[in-house]
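> Sharing a structure here in structure tokens format.
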Amino acid sequence: ILDAILYHDGVLNLTYDFAYVEDIDLPYNYGIVIGGDSLFTINGNNHTISGSNLSGIFNIQVENALTFNNITFANAYAGAILNLDSKLIINNCAFINNTDYYDGGYDEGGAISSFTGELVITDSVFINNTARDGGAIDVEGANVTLTNCIFTDNKAVGDGIDSGTGGAISTGNDEQTLTVNNCVFANNIASTSAVSPEYAPKGGAISSSGHVIINNSNFTNNSADYGGAIEFAFASA
């Protein structure tokens with residue numbers, strides 16, 4: 001897949017599944033870097049890209065928009081997608097069994113971790129992803145718009161030092177906006193092994209420090225010590 005990305009003409013159409021192979025792909029165990037300043041679209045055609053429980057999948061550093069269509073991202077071990085400052089558009093994708101595990105502990109965004117830029121995600125599902133902050137998605141400065149998405153069985157798992165925050169989604173910047181339209185959040189959990197109330201898990205489905213707009217969405221059986229469905233920390237809704 002690396003060669004296809006390096007020599008793309010703006011649109012890459014996947015024709016088969018891809019999986020990380022340790023002996024071959026070791027230099028990319030934190031994800032294949034996608035850079036440059038051109039618009040780029042990857043059409044998955046319902047194929048799967050797997051991290052084989054050994055690696056991340058993509059490290060995105062493009063200056064313009066990157067679009068993913070109809071791809072399953074599965075079994076990433078360092079998060080499926082790391083987005084530094086790009087506009088990331090995701091349509092009809094699935095994120096399944098991804099984990100962000102780094103240096104002996106869970107980190108941020110099992111499926112997607114985004115610093116700045118923008119996330120626009122439509123008609124996508126997030127199932128059984130795990131991290132410390134944002135079991136499925138963690139964003140630190142990006143505005144996020146979710147439409148017709150499903151989040152089920154995602155987990156934010158803290159340790160003895162840090163609490164788990166946002167079983168499905170965690171946002172950590174008070175200037176960003178999370179917009180949720182017609183989405184479903186079910187059976188997402190924020191937990192921790194810490195015994196101190198200071199590190200109690202927050203936001204079974206969503207933990208946010210920014211602005212949150214929620215329209216026509218359903219929250220069922222999500223759990224945390226603070227905010228079984230949603231926890232607001234310095235946020236507005």
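Chain lettering (A, B, ...) mirrors the order of the structure tokens, residue numbering begins at 1 for each chain separately, and ligand numbering begins at 1 in order of display.
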As a PyMOL selection string, please: the residues near Ile96 (chain A) (cut-off 7 Å, only C-alpha atoms, same-chain neighbours under 4 positions excluded).

chain A and resi 73-75+126-129

> Would you output that residue set with N, CA, C and O atoms, as a PDB file, in the first residue's frame?


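What landed in part09.pdb:
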ATOM      1  N   PHE A  73     -10.924  -0.235   8.978  1.00  0.00           N
ATOM      2  CA  PHE A  73      -9.645  -0.119   9.684  1.00  0.00           C
ATOM      3  C   PHE A  73      -9.727  -1.034  10.904  1.00  0.00           C
ATOM      4  O   PHE A  73     -10.573  -0.826  11.783  1.00  0.00           O
ATOM      5  N   ALA A  74      -8.860  -2.032  10.972  1.00  0.00           N
ATOM      6  CA  ALA A  74      -8.998  -3.046  12.019  1.00  0.00           C
ATOM      7  C   ALA A  74      -7.658  -3.394  12.657  1.00  0.00           C
ATOM      8  O   ALA A  74      -6.605  -3.330  12.015  1.00  0.00           O
ATOM      9  N   ASN A  75      -7.735  -3.737  13.940  1.00  0.00           N
ATOM     10  CA  ASN A  75      -6.614  -4.359  14.661  1.00  0.00           C
ATOM     11  C   ASN A  75      -5.339  -3.513  14.648  1.00  0.00           C
ATOM     12  O   ASN A  75      -4.229  -4.047  14.592  1.00  0.00           O
ATOM     13  N   PHE A 126     -17.886   2.612  14.773  1.00  0.00           N
ATOM     14  CA  PHE A 126     -16.722   2.446  15.634  1.00  0.00           C
ATOM     15  C   PHE A 126     -17.074   1.384  16.671  1.00  0.00           C
ATOM     16  O   PHE A 126     -17.942   1.603  17.524  1.00  0.00           O
ATOM     17  N   ILE A 127     -16.400   0.243  16.604  1.00  0.00           N
ATOM     18  CA  ILE A 127     -16.758  -0.908  17.426  1.00  0.00           C
ATOM     19  C   ILE A 127     -15.520  -1.439  18.155  1.00  0.00           C
ATOM     20  O   ILE A 127     -14.500  -1.765  17.525  1.00  0.00           O
ATOM     21  N   ASN A 128     -15.610  -1.483  19.479  1.00  0.00           N
ATOM     22  CA  ASN A 128     -14.591  -2.145  20.309  1.00  0.00           C
ATOM     23  C   ASN A 128     -13.192  -1.562  20.106  1.00  0.00           C
ATOM     24  O   ASN A 128     -12.205  -2.282  19.941  1.00  0.00           O
ATOM     25  N   ASN A 129     -13.094  -0.240  20.137  1.00  0.00           N
ATOM     26  CA  ASN A 129     -11.800   0.440  20.119  1.00  0.00           C
ATOM     27  C   ASN A 129     -11.434   0.864  21.544  1.00  0.00           C
ATOM     28  O   ASN A 129     -12.319   1.166  22.351  1.00  0.00           O
TER      29      ASN A 129
END

> Where in region 17-69 of chain A does DSSP assign helix (DSSP H, G or I), given as a PyMOL selection string?

chain A and resi 22-28

> What does the file look like for those residues with C-alpha atoms, as a PDB file, in the first residue's frame?


ATOM      1  CA  GLU A  22       6.243  -7.345  10.930  1.00  0.00           C
ATOM      2  CA  ASP A  23       9.313  -8.543   9.012  1.00  0.00           C
ATOM      3  CA  ILE A  24       8.475  -6.343   6.017  1.00  0.00           C
ATOM      4  CA  ASP A  25       6.712  -3.300   7.453  1.00  0.00           C
ATOM      5  CA  LEU A  26       8.672  -2.667  10.677  1.00  0.00           C
ATOM      6  CA  PRO A  27       9.705   0.919   9.703  1.00  0.00           C
ATOM      7  CA  TYR A  28       6.003   1.835   9.604  1.00  0.00           C
TER       8      TYR A  28
END

> Point out the residue among A:Phe115, A:Phe219, A:Phe151, A:Tyr101 with the least atom-to-atom distance to Ala131 (chain A), counting only C-alpha atoms.

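For Ala131 (chain A), the nearest of the given residues is A:Tyr101.
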
> Between A:Asp174, A:Asp133, A:Asp162, A:Asp123, which one has atoms that come closest to Phe68 (chain A), using only C-alpha atoms?

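Of all the options, A:Asp123 lies closest to Phe68 (chain A).
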
> In region 92-190 of chain A, what's strand (DSSP E) per DSSP? Answer as a ChimeraX atom specification?

/A:94-96,101-102,105-106,112-114,118-122,125-127,130-131,137-139,143-147,150-152,155-157,169-171,177-181,184-186,189-190
